[in-house]
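Peer 1: Sharing my_file37.csv, CSV, C-alpha atoms:
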```csv
chain,number,residue,atom,x,y,z
A,161,MET,CA,132.4,130.6,137.1
A,162,MET,CA,132.4,126.8,137.5
A,163,ASP,CA,131.4,124.4,134.7
A,164,PHE,CA,128.0,122.8,134.9
A,165,ASP,CA,128.0,119.2,136.1
A,166,ALA,CA,124.7,117.2,135.8
A,167,ASP,CA,125.9,114.9,138.6
A,168,THR,CA,126.3,117.8,141.0
A,169,HIS,CA,124.2,120.8,140.1
A,170,PRO,CA,120.4,121.1,140.3
A,171,HIS,CA,118.6,121.3,136.9
A,172,ARG,CA,115.3,120.6,135.2
A,173,ARG,CA,114.6,118.0,132.5
A,174,LEU,CA,111.7,117.9,130.1
A,175,ASN,CA,109.5,114.8,129.5
A,176,PRO,CA,108.5,115.2,125.9
A,177,LEU,CA,105.8,112.6,126.2
A,178,THR,CA,103.9,114.8,128.7
A,179,ASN,CA,105.5,118.2,128.3
A,180,GLU,CA,106.2,118.2,132.0
A,181,PHE,CA,109.5,119.1,133.8
A,182,ILE,CA,111.2,117.2,136.5
A,183,LEU,CA,113.6,118.9,139.0
A,184,VAL,CA,116.9,116.9,139.4
A,185,SER,CA,118.8,117.6,142.6
A,186,PRO,CA,121.8,115.3,142.6
A,187,HIS,CA,123.6,117.1,145.5
A,188,ARG,CA,120.9,115.7,147.9
A,189,THR,CA,121.8,112.1,147.5
A,190,LYS,CA,123.8,112.3,150.8
A,191,ARG,CA,120.8,113.5,152.7
A,192,PRO,CA,120.3,111.4,155.9
A,193,TRP,CA,117.0,109.5,156.2
A,194,LEU,CA,115.1,109.2,159.5
A,195,GLY,CA,111.6,108.8,157.9
A,196,GLN,CA,109.3,105.9,157.2
A,197,THR,CA,110.6,102.5,156.2
A,198,GLU,CA,108.7,99.6,154.6
A,199,THR,CA,108.8,95.9,155.4
A,200,PRO,CA,110.1,94.1,152.4
A,201,GLN,CA,107.7,91.5,150.9
A,202,SER,CA,108.3,88.1,152.3
A,203,LEU,CA,110.0,85.6,150.0
A,204,ASP,CA,108.9,82.7,152.2
A,205,LEU,CA,105.8,81.9,150.2
A,206,PRO,CA,104.4,78.4,149.5
A,207,THR,CA,104.1,77.1,146.0
A,208,TYR,CA,100.3,76.7,146.7
A,209,ASP,CA,98.3,78.6,149.2
A,210,PRO,CA,94.8,77.2,150.0
A,211,ALA,CA,93.7,80.6,151.2
A,212,CYS,CA,94.8,82.4,148.0
A,213,TYR,CA,91.9,83.6,145.8
A,214,LEU,CA,94.1,83.2,142.7
A,215,CYS,CA,95.7,79.7,143.2
A,216,PRO,CA,94.4,76.9,140.9
A,217,GLY,CA,91.2,75.2,142.1
A,218,ASN,CA,90.5,77.7,144.9
A,219,SER,CA,87.4,79.7,145.4
A,220,ARG,CA,87.5,83.4,144.9
A,221,SER,CA,85.9,86.0,147.3
A,222,GLY,CA,82.8,86.2,145.1
A,223,GLY,CA,82.2,82.5,145.3
A,224,GLN,CA,83.5,81.5,141.8
A,225,GLN,CA,86.0,78.7,141.6
A,226,ASN,CA,89.2,78.9,139.6
A,227,PRO,CA,89.9,76.1,137.2
A,228,VAL,CA,93.0,73.9,137.8
A,229,TYR,CA,94.9,76.0,135.2
A,230,GLU,CA,98.5,75.0,134.2
A,231,ASN,CA,99.7,78.2,132.5
A,232,THR,CA,98.0,81.6,132.5
A,233,HIS,CA,94.4,82.2,133.5
A,234,THR,CA,92.2,85.2,132.9
A,235,PHE,CA,88.8,86.1,134.5
A,236,VAL,CA,86.7,89.2,135.0
A,237,ASN,CA,87.6,91.0,138.2
A,238,ASP,CA,85.1,90.3,140.9
A,239,PHE,CA,85.5,94.0,142.0
A,240,SER,CA,85.8,95.8,138.7
A,241,ALA,CA,86.4,99.5,138.6
A,242,VAL,CA,84.2,99.9,135.5
A,243,LEU,CA,81.1,97.9,134.5
A,244,PRO,CA,79.8,96.7,131.2
A,245,PRO,CA,77.1,98.7,129.3
A,246,PRO,CA,74.4,99.8,129.3
A,247,THR,CA,75.1,102.7,131.6
A,248,PRO,CA,72.2,104.8,133.1
A,249,PRO,CA,71.8,108.3,131.8
A,250,THR,CA,73.8,110.9,133.8
A,251,PRO,CA,72.0,113.7,135.5
A,252,VAL,CA,71.9,117.3,134.1
A,253,ALA,CA,74.8,119.2,135.5
A,254,PRO,CA,73.8,121.8,138.0
A,255,HIS,CA,76.8,123.9,136.8
A,256,PRO,CA,79.2,123.6,133.9
A,257,LEU,CA,82.0,122.8,136.3
A,258,LEU,CA,80.1,119.9,137.8
A,259,THR,CA,79.7,117.6,134.8
A,260,VAL,CA,79.5,113.9,134.9
A,261,ASN,CA,80.7,111.7,132.0
A,262,PRO,CA,79.5,108.1,131.8
A,263,VAL,CA,82.1,105.4,131.3
A,264,HIS,CA,81.8,101.6,130.8
A,265,GLY,CA,84.1,98.8,130.1
A,266,ALA,CA,85.6,95.7,131.8
A,267,CYS,CA,88.4,94.8,134.2
A,268,ASP,CA,90.2,91.5,133.7
A,269,VAL,CA,92.6,89.8,136.0
A,270,LEU,CA,95.4,87.8,134.3
A,271,ILE,CA,97.1,85.2,136.5
A,272,PHE,CA,100.7,84.8,135.2
A,273,HIS,CA,101.4,81.3,136.6
A,274,PRO,CA,99.9,78.6,138.8
A,275,ARG,CA,102.8,78.8,141.3
A,276,HIS,CA,101.9,81.1,144.2
A,277,ASP,CA,105.6,81.9,145.1
A,278,LEU,CA,106.9,83.1,141.7
A,279,THR,CA,107.1,86.6,140.0
A,280,LEU,CA,108.1,87.7,136.5
A,281,ALA,CA,111.7,87.8,137.8
A,282,ARG,CA,111.6,84.2,138.7
A,283,LEU,CA,109.6,82.8,135.8
A,284,GLN,CA,111.3,81.1,132.9
A,285,VAL,CA,111.3,82.9,129.5
A,286,PRO,CA,108.8,80.5,127.9
A,287,ASP,CA,106.4,81.3,130.8
A,288,ILE,CA,106.7,85.0,130.1
A,289,GLN,CA,106.1,84.3,126.4
A,290,GLN,CA,102.7,82.8,127.4
A,291,ILE,CA,101.9,85.9,129.3
A,292,ILE,CA,102.7,88.1,126.3
A,293,ALA,CA,100.5,85.9,124.1
A,294,GLU,CA,97.6,86.4,126.6
A,295,TRP,CA,98.2,90.2,126.7
A,296,ILE,CA,97.8,90.1,122.9
A,297,ARG,CA,94.7,88.0,123.0
A,298,ILE,CA,93.0,90.2,125.6
A,299,TYR,CA,94.0,93.4,123.9
A,300,HIS,CA,92.4,92.2,120.7
A,301,PHE,CA,89.3,90.7,122.4
A,302,ARG,CA,88.5,93.8,124.5
A,303,GLY,CA,89.8,96.4,122.0
A,304,THR,CA,87.4,95.2,119.3
A,305,GLN,CA,84.3,95.3,121.5
A,306,ASP,CA,81.6,97.9,120.8
A,307,GLY,CA,82.2,101.2,122.5
A,308,ILE,CA,85.7,100.4,123.8
A,309,LYS,CA,88.2,103.1,123.0
A,310,TYR,CA,91.2,102.1,125.2
A,311,VAL,CA,92.8,98.9,126.7
A,312,GLN,CA,95.3,99.3,129.5
A,313,ILE,CA,97.5,96.4,130.5
A,314,PHE,CA,99.4,96.7,133.8
A,315,GLU,CA,100.9,95.0,136.8
A,316,ASN,CA,101.2,96.1,140.4
A,317,LYS,CA,103.9,94.2,142.2
A,318,GLY,CA,104.4,94.4,146.0
A,319,ALA,CA,102.2,95.4,148.9
A,320,ILE,CA,103.7,98.9,148.9
A,321,MET,CA,102.3,99.4,145.4
A,322,GLY,CA,98.8,98.4,146.6
A,323,CYS,CA,98.9,94.8,145.4
A,324,SER,CA,96.4,92.9,147.4
A,325,ASN,CA,97.7,89.4,146.6
A,326,PRO,CA,101.3,88.2,146.1
A,327,HIS,CA,100.3,85.5,143.6
A,328,PRO,CA,101.8,86.6,140.3
A,329,HIS,CA,99.2,88.4,138.3
A,330,GLY,CA,98.4,91.6,136.3
A,331,GLN,CA,95.3,93.4,135.1
A,332,VAL,CA,93.7,94.6,131.9
A,333,TRP,CA,91.2,97.4,132.1
A,334,SER,CA,89.2,98.4,129.0
A,335,LEU,CA,87.3,101.7,128.9
A,336,SER,CA,84.9,103.6,126.7
A,337,GLU,CA,87.2,106.7,126.9
A,338,VAL,CA,91.0,107.2,126.5
A,339,PRO,CA,92.4,107.9,130.0
A,340,THR,CA,94.3,111.1,130.8
A,341,LEU,CA,98.0,109.9,130.9
A,342,PRO,CA,98.0,107.8,127.7
A,343,GLY,CA,95.9,110.4,126.0
A,344,THR,CA,98.5,113.0,126.9
A,345,GLU,CA,101.3,110.9,125.5
A,346,LEU,CA,99.4,110.2,122.3
A,347,GLU,CA,98.8,113.9,121.8
A,348,PHE,CA,102.5,114.8,122.1
A,349,LEU,CA,103.4,111.8,119.9
A,350,ARG,CA,101.0,113.3,117.3
A,351,ARG,CA,102.4,116.8,117.6
A,352,TYR,CA,106.0,115.5,117.2
A,353,SER,CA,105.0,113.6,114.1
A,354,ILE,CA,103.8,116.7,112.3
A,355,SER,CA,106.6,119.0,113.7
A,356,GLU,CA,109.7,120.1,111.9
A,357,ALA,CA,112.0,118.7,114.6
A,358,PRO,CA,115.4,117.5,113.4
A,359,THR,CA,115.4,113.8,112.5
A,360,SER,CA,118.1,111.2,112.2
A,361,ASN,CA,118.4,107.8,110.7
A,362,ALA,CA,115.9,106.4,113.3
A,363,PRO,CA,113.0,104.4,112.0
A,364,ARG,CA,110.2,106.5,110.7
A,365,GLY,CA,106.8,106.2,112.3
A,366,PRO,CA,103.2,107.4,111.6
A,367,LYS,CA,102.0,107.2,108.0
A,368,GLY,CA,100.9,110.3,106.2
A,369,MET,CA,97.7,108.5,105.3
A,370,SER,CA,95.6,105.7,106.7
A,371,CYS,CA,97.1,102.3,106.1
A,372,PHE,CA,93.7,101.1,104.9
A,373,THR,CA,93.6,103.7,102.1
A,374,CYS,CA,97.2,103.2,100.9
A,375,SER,CA,98.1,101.0,98.0
A,376,MET,CA,101.1,98.7,98.6
A,377,SER,CA,103.2,100.9,96.3
A,378,GLN,CA,102.3,104.0,98.3
A,379,LEU,CA,103.1,102.3,101.6
A,380,ASN,CA,106.5,101.2,100.3
A,381,LEU,CA,107.3,104.7,99.0
A,382,ASP,CA,105.9,106.6,102.1
A,383,PRO,CA,108.8,106.8,104.6
A,384,GLY,CA,106.4,107.9,107.3
A,385,ARG,CA,106.5,110.8,109.7
A,386,PRO,CA,109.0,111.2,112.5
A,387,CYS,CA,108.2,109.2,115.7
A,388,LEU,CA,109.3,110.8,119.0
A,389,LEU,CA,110.1,107.5,120.7
A,390,CYS,CA,111.8,106.0,117.6
A,391,GLU,CA,114.1,109.2,117.6
A,392,TYR,CA,114.6,109.0,121.4
A,393,ALA,CA,115.6,105.3,121.4
A,394,TYR,CA,117.9,105.9,118.4
A,395,ALA,CA,119.6,108.8,120.3
A,396,GLU,CA,120.0,106.8,123.5
A,397,ILE,CA,121.5,103.8,121.8
A,398,ALA,CA,124.0,105.9,120.0
A,399,LEU,CA,125.5,107.2,123.3
A,400,PRO,CA,128.4,105.4,125.0
A,401,ILE,CA,127.2,102.8,127.5
A,402,GLU,CA,129.4,104.1,130.3
A,403,GLY,CA,127.7,107.1,131.8
A,404,GLY,CA,124.6,106.5,129.6
A,405,ARG,CA,121.1,105.5,130.5
A,406,VAL,CA,120.7,102.2,128.6
A,407,VAL,CA,120.4,99.3,131.1
A,408,VAL,CA,120.1,96.3,128.7
A,409,LYS,CA,119.5,95.8,125.0
A,410,ASN,CA,118.9,92.9,122.7
A,411,ASP,CA,118.1,92.5,119.0
A,412,TYR,CA,114.8,94.3,119.1
A,413,TRP,CA,114.3,96.0,122.5
A,414,VAL,CA,116.1,98.5,124.7
A,415,ALA,CA,115.5,99.1,128.4
A,416,LEU,CA,116.7,102.4,129.7
A,417,VAL,CA,116.3,104.9,132.6
A,418,PRO,CA,114.7,107.7,130.7
A,419,TRP,CA,116.3,111.2,130.6
A,420,TRP,CA,113.1,112.5,132.3
A,421,ALA,CA,112.6,109.7,134.9
A,422,THR,CA,110.6,110.5,138.0
A,423,TRP,CA,111.0,107.4,140.0
A,424,PRO,CA,114.5,106.5,141.2
A,425,PHE,CA,115.0,103.3,139.1
A,426,GLU,CA,112.3,104.0,136.5
A,427,ILE,CA,112.7,102.1,133.3
A,428,LEU,CA,111.3,102.7,129.8
A,429,LEU,CA,111.3,99.6,127.6
A,430,LEU,CA,110.6,99.9,123.9
A,431,PRO,CA,111.4,98.4,120.5
A,432,TYR,CA,114.0,100.3,118.5
A,433,THR,CA,114.5,98.6,115.2
A,434,ARG,CA,111.1,99.7,113.7
A,435,HIS,CA,108.0,101.7,114.5
A,436,ILE,CA,105.5,99.3,116.3
A,437,PRO,CA,102.1,100.8,117.3
A,438,SER,CA,101.0,97.9,119.5
A,439,ILE,CA,101.7,94.4,120.8
A,440,ALA,CA,99.3,93.0,118.2
A,441,GLU,CA,101.9,93.8,115.5
A,442,LEU,CA,104.9,92.1,117.1
A,443,SER,CA,106.5,89.3,115.2
A,444,VAL,CA,107.2,86.0,116.8
A,445,GLU,CA,110.8,87.0,117.2
A,446,GLU,CA,109.9,90.3,118.7
A,447,GLN,CA,107.6,88.6,121.2
A,448,SER,CA,110.4,86.2,122.2
A,449,SER,CA,112.8,89.1,122.5
A,450,LEU,CA,110.4,91.0,124.7
A,451,ALA,CA,110.0,88.0,127.0
A,452,GLU,CA,113.8,87.8,127.4
A,453,ILE,CA,114.3,91.4,128.2
A,454,LEU,CA,111.4,91.5,130.6
A,455,SER,CA,113.1,88.7,132.5
A,456,LYS,CA,116.5,90.6,132.5
A,457,VAL,CA,114.9,93.8,133.7
A,458,THR,CA,112.9,92.2,136.5
A,459,VAL,CA,115.9,90.1,137.6
A,460,ARG,CA,118.1,93.2,137.8
A,461,TYR,CA,115.4,94.9,139.9
A,462,ASP,CA,115.3,92.1,142.4
A,463,ASN,CA,119.1,91.9,142.5
A,464,LEU,CA,119.5,95.7,143.2
A,465,PHE,CA,118.5,95.4,146.8
A,466,SER,CA,118.3,91.6,147.1
A,467,CYS,CA,114.5,91.6,147.5
A,468,SER,CA,111.3,91.1,145.6
A,469,PHE,CA,111.4,94.5,144.0
A,470,ALA,CA,108.1,96.4,144.0
A,471,TYR,CA,106.9,98.3,140.9
A,472,SER,CA,103.9,99.3,138.8
A,473,MET,CA,104.3,98.3,135.2
A,474,GLY,CA,102.1,99.4,132.3
A,475,ILE,CA,102.0,99.0,128.5
A,476,HIS,CA,101.3,102.1,126.4
A,477,GLN,CA,100.4,101.6,122.8
A,478,ARG,CA,97.7,102.2,120.3
A,479,PRO,CA,94.5,102.5,122.3
A,480,THR,CA,92.8,99.6,120.5
A,481,PRO,CA,93.7,97.4,117.5
A,482,VAL,CA,93.7,98.9,114.1
A,483,SER,CA,90.8,101.2,113.2
A,484,ASP,CA,89.8,102.7,109.9
A,485,ASP,CA,91.2,106.2,110.7
A,486,ASP,CA,94.4,105.0,112.4
A,487,GLU,CA,97.6,106.9,111.7
A,488,ASN,CA,99.8,104.7,113.8
A,489,ILE,CA,100.8,107.6,116.0
A,490,ALA,CA,101.5,105.4,119.0
A,491,HIS,CA,104.8,103.7,119.5
A,492,LEU,CA,104.6,100.6,121.8
A,493,HIS,CA,106.5,101.1,125.1
A,494,VAL,CA,106.4,99.7,128.6
A,495,HIS,CA,106.7,101.9,131.8
A,496,PHE,CA,108.2,100.5,135.0
A,497,SER,CA,107.7,102.8,138.0
A,498,PRO,CA,109.3,101.4,141.1
A,499,PRO,CA,109.2,103.3,144.4
A,500,LEU,CA,112.3,101.9,146.2
A,501,LEU,CA,115.0,104.6,146.6
A,502,ARG,CA,117.8,103.7,149.0
A,503,SER,CA,117.2,100.1,150.0
A,504,ALA,CA,114.5,97.4,150.2
A,505,SER,CA,112.8,99.3,153.0
A,506,VAL,CA,113.1,103.0,151.9
A,507,LYS,CA,110.8,104.3,149.2
A,508,LYS,CA,110.3,107.5,147.4
A,509,PHE,CA,107.4,109.7,148.4
A,510,LEU,CA,105.6,112.0,145.9
A,511,VAL,CA,104.6,114.7,148.4
A,512,GLY,CA,105.0,118.4,149.1
A,513,PHE,CA,106.8,120.2,146.3
A,514,GLU,CA,106.1,117.2,144.0
A,515,LEU,CA,102.4,117.4,144.6
A,516,MET,CA,102.1,121.1,144.5
A,517,ALA,CA,104.7,122.1,141.9
A,518,GLU,CA,106.6,119.4,139.8
A,519,ALA,CA,108.3,116.1,140.2
A,520,GLN,CA,111.7,116.0,141.7
A,521,ARG,CA,114.5,113.4,142.1
A,522,ASP,CA,117.9,113.2,143.7
A,523,LEU,CA,119.7,110.2,142.1
A,524,THR,CA,120.3,111.1,138.4
A,525,PRO,CA,119.0,108.8,135.7
A,526,GLU,CA,122.6,108.1,134.6
A,527,GLN,CA,123.5,107.0,138.2
A,528,ALA,CA,120.5,104.8,138.4
A,529,ALA,CA,121.3,103.2,135.1
A,530,THR,CA,124.9,102.5,136.1
A,531,ARG,CA,123.7,100.7,139.3
A,532,LEU,CA,121.2,98.6,137.4
A,533,ARG,CA,123.7,97.7,134.7
A,534,ALA,CA,126.0,96.5,137.4
A,535,CYS,CA,123.4,94.0,138.7
A,536,SER,CA,123.7,90.4,137.6
A,537,GLU,CA,121.3,88.8,135.1
A,538,LYS,CA,121.2,85.7,137.4
A,539,HIS,CA,118.7,86.0,140.2
A,540,TYR,CA,120.3,86.4,143.6
A,541,LEU,CA,118.2,83.5,145.0
A,542,ASN,CA,119.7,81.2,142.3
A,543,GLU,CA,123.3,82.1,143.1
```
Once more with this new file: its structure as structure tokens, please.

Peer 2:
Amino acid sequence: MMDFDADTHPHRRLNPLTNEFILVSPHRTKRPWLGQTETPQSLDLPTYDPACYLCPGNSRSGGQQNPVYENTHTFVNDFSAVLPPPTPPTPVAPHPLLTVNPVHGACDVLIFHPRHDLTLARLQVPDIQQIIAEWIRIYHFRGTQDGIKYVQIFENKGAIMGCSNPHPHGQVWSLSEVPTLPGTELEFLRRYSISEAPTSNAPRGPKGMSCFTCSMSQLNLDPGRPCLLCEYAYAEIALPIEGGRVVVKNDYWVALVPWWATWPFEILLLPYTRHIPSIAELSVEEQSSLAEILSKVTVRYDNLFSCSFAYSMGIHQRPTPVSDDDENIAHLHVHFSPPLLRSASVKKFLVGFELMAEAQRDLTPEQAATRLRACSEKHYLNE
């Protein structure tokens, strides 16, 4: 019998954050493609567009006027998916399977930069630092409001990801309930923290008691419980770079194609030197380091197919800033889910088996990481 080869033979991999499997089929990478292609996003954009709802000084679709901002600018979305309280009472369910749960919150738009033609990949690191500072401000502002249980920071980049405006911007949604996906991650992070899974010399994570009830001596003596993502980052960094999944690493952060990646060039970005529950707890040095690695990741993405690389990016962390019963279960991490598969015009579709059974990919995470590592850290438009 032949030896198993992960670069050749079909196999399944477990995502421990969701307890879901993904089918990996590396032998299919040579499959011909005669299906749909996408038109890459135009790079011929003006620095200012008088018709853009997000450019400085312009009027938005709802009639409000943007200030002539010089850095970041945040405003409440004119077409918010959730609305502020009070919410009307929900009707009595006609059947237990037909219940309605009220939800309230807010949706903010965060404009990254006044220039219409730039993206994270083409911003200077100090500009990205300002974006991070604004993420932290909104996270604290919304996360401390009455009734808010979760704050989600994200960016959709590119028309094929549903982005309605090319001006560089992201969004922050705050809700009165914890959404399904981060809620699932938090549950499996919690389960791991109380499990008897083997541990290493990785940073320890959640405290055995609330940080608000610990004395300083107890905090110093309590090594904390194991953290799934601290352990995972430690394990990945310990592997040889060649053939591994790490794409880029600096003093505080590591960007890698996760073992369980669904999207072809998916990246998981996380701090690895200590357990950090949220962006609110980043030191100045860790914020600067995050800005640097965000630049390197997005530049590599653009360089992969010499295009403005589309993706959805989201920050998962503690649902809101510190609360009285917080155990620090969460470990801050950033998901990049890009759809492009073979070129700037061919994307991955989650259909058929993937909708009805489980996620599937052809290119292995190791092969994807190798290709991303080979990309220059200098943007191709600046060569």

Peer 1: Looking at all atoms listed in the file, which of A:Glu315, A:Glu294, A:Glu345, A:Glu426 is the one that sits closest to A:Leu500?

Peer 2: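 Smallest distance to A:Leu500 is found for A:Glu426.
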
Peer 1: Residues near stretch 331-343 of chain A, anyone? I mean within 7 Å using all atoms listed in the file, not counting same-chain ones fewer than 4 positions away, as a ChimeraX atom specification.

Peer 2: /A:263-270,302,307-315,347,476

Peer 1: Excluding A:Ala357 and any residue of its chain fewer than 2 positions from it, enumerate the residues within 12 Å of it, using all atoms listed in the file, and give them as a compact mmCIF listing (two decimals) with C-alpha atoms, in the frame of the given file.

Peer 2:
```txt
# COMPACT_ATOMS: atom_id res chain seq x y z
CA ARG A 351 102.40 116.80 117.60
CA TYR A 352 106.00 115.50 117.20
CA SER A 353 105.00 113.60 114.10
CA ILE A 354 103.80 116.70 112.30
CA SER A 355 106.60 119.00 113.70
CA THR A 359 115.40 113.80 112.50
CA SER A 360 118.10 111.20 112.20
CA ARG A 385 106.50 110.80 109.70
CA PRO A 386 109.00 111.20 112.50
CA CYS A 387 108.20 109.20 115.70
CA LEU A 388 109.30 110.80 119.00
CA GLU A 391 114.10 109.20 117.60
```

Peer 1: Might you pull out every residue within 7 Å of A:Arg460, with all atoms listed in the file counted and same-chain residues fewer than 6 positions away left off, and present them as a ChimeraX atom specification?

Peer 2: /A:532,535-537

Peer 1: Just to be explicit: take each residue in the selection above, keep C-alpha atoms, and write the result as a PDB file, keeping the file's coordinate frame.

Peer 2:
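Saved result, selection-v9.pdb, follows:
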```pdb
ATOM      1  CA  LEU A 532     121.200  98.600 137.400  1.00  0.00           C
ATOM      2  CA  CYS A 535     123.400  94.000 138.700  1.00  0.00           C
ATOM      3  CA  SER A 536     123.700  90.400 137.600  1.00  0.00           C
ATOM      4  CA  GLU A 537     121.300  88.800 135.100  1.00  0.00           C
TER       5      GLU A 537
END
```

Peer 1: I need every residue sitting at most 8 Å from the point (101.6, 80.6, 139.3) (coordinates as in the file, all atoms listed in the file considered), written as a ChimeraX atom specification.

Peer 2: /A:207,215,231-232,271-278,327-328

Peer 1: For A:Ser221, list every protein, DNA or RNA residue within 10 Å, evaluated using only C-alpha atoms, and leave out those in the same chain fewer than 6 positions away; present the list as number ranges by chain.

Peer 2: A: 212-214, 238-239

Peer 1: Output C-alpha atoms for every residue in the selection just made, as a PDB file, in the coordinates of the input.

Peer 2:
```pdb
ATOM      1  CA  CYS A 212      94.800  82.400 148.000  1.00  0.00           C
ATOM      2  CA  TYR A 213      91.900  83.600 145.800  1.00  0.00           C
ATOM      3  CA  LEU A 214      94.100  83.200 142.700  1.00  0.00           C
ATOM      4  CA  ASP A 238      85.100  90.300 140.900  1.00  0.00           C
ATOM      5  CA  PHE A 239      85.500  94.000 142.000  1.00  0.00           C
TER       6      PHE A 239
END
```

Peer 1: What are the closest atom pairs, with distances in Å to one decimal, for all residues of stretch 220-300 of chain A lying within 8 Å of stretch 446-455 of chain A? Consider all atoms listed in the file, order rows by chain and residue number, and present the result as a Markdown table.

Peer 2:
```
| residue | atom | partner | partner_atom | distance |
| --- | --- | --- | --- | --- |
| A:Leu280 | CA | A:Ser455 | CA | 6.5 |
| A:Ala281 | CA | A:Ser455 | CA | 5.6 |
| A:Arg282 | CA | A:Ser455 | CA | 7.8 |
| A:Leu283 | CA | A:Ser455 | CA | 7.6 |
| A:Gln284 | CA | A:Ser455 | CA | 7.8 |
| A:Val285 | CA | A:Ala451 | CA | 5.8 |
| A:Pro286 | CA | A:Ala451 | CA | 7.6 |
| A:Ile288 | CA | A:Ala451 | CA | 5.4 |
| A:Gln289 | CA | A:Ala451 | CA | 5.4 |
| A:Ile292 | CA | A:Gln447 | CA | 7.1 |
```

Peer 1: May I ask for the distance between atom CA of A:Ala490 and atom CA of A:Leu346, given in Å to one decimal place?

Peer 2: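 Spanning atom CA of A:Ala490 to atom CA of A:Leu346 is a straight-line distance of 6.2 Å.
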
Peer 1: Please determine, counting only C-alpha atoms, which residue among A:Thr530, A:His493, A:Lys507, A:Asn179 has the shortest atom-to-atom distance to A:Pro400.

Peer 2: A:Thr530

Peer 1: Return the single residue from A:Ala398, A:Leu492, A:Val417, A:Ala440 that is closest to A:Pro525, with distances computed using all atoms listed in the file.

Peer 2: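 Smallest distance to A:Pro525 is found for A:Val417.
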
Peer 1: Rebuild stretch 502-513 of chain A to N, CA, C and O atoms - output it as a compact mmCIF listing (two decimals), keeping the file's coordinate frame, please.

Peer 2:
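What landed in part30.txt:
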```txt
# COMPACT_ATOMS: atom_id res chain seq x y z
N ARG A 502 116.50 103.87 148.38
CA ARG A 502 117.80 103.70 149.00
C ARG A 502 118.10 102.21 149.34
O ARG A 502 119.25 101.80 149.46
N SER A 503 117.03 101.46 149.60
CA SER A 503 117.20 100.10 150.00
C SER A 503 115.85 99.38 149.85
O SER A 503 114.89 99.96 149.34
N ALA A 504 115.78 98.13 150.31
CA ALA A 504 114.50 97.40 150.20
C ALA A 504 113.44 97.92 151.10
O ALA A 504 112.27 97.55 150.97
N SER A 505 113.80 98.82 152.02
CA SER A 505 112.80 99.30 153.00
C SER A 505 112.57 100.82 152.92
O SER A 505 111.74 101.34 153.66
N VAL A 506 113.28 101.54 152.05
CA VAL A 506 113.10 103.00 151.90
C VAL A 506 112.59 103.33 150.55
O VAL A 506 113.24 103.03 149.55
N LYS A 507 111.39 103.93 150.49
CA LYS A 507 110.80 104.30 149.20
C LYS A 507 110.72 105.76 149.01
O LYS A 507 110.82 106.55 149.94
N LYS A 508 110.53 106.15 147.75
CA LYS A 508 110.30 107.50 147.40
C LYS A 508 108.89 107.93 147.65
O LYS A 508 107.97 107.18 147.34
N PHE A 509 108.69 109.13 148.17
CA PHE A 509 107.40 109.70 148.40
C PHE A 509 107.14 110.85 147.42
O PHE A 509 107.99 111.74 147.34
N LEU A 510 106.01 110.86 146.73
CA LEU A 510 105.60 112.00 145.90
C LEU A 510 104.75 112.91 146.77
O LEU A 510 103.52 112.74 146.82
N VAL A 511 105.36 113.85 147.45
CA VAL A 511 104.60 114.70 148.40
C VAL A 511 105.17 116.14 148.29
O VAL A 511 106.13 116.41 147.57
N GLY A 512 104.54 117.04 149.03
CA GLY A 512 105.00 118.40 149.10
C GLY A 512 105.22 119.09 147.81
O GLY A 512 104.27 119.28 147.04
N PHE A 513 106.46 119.48 147.51
CA PHE A 513 106.80 120.20 146.30
C PHE A 513 106.30 119.39 145.06
O PHE A 513 105.80 119.96 144.08
```
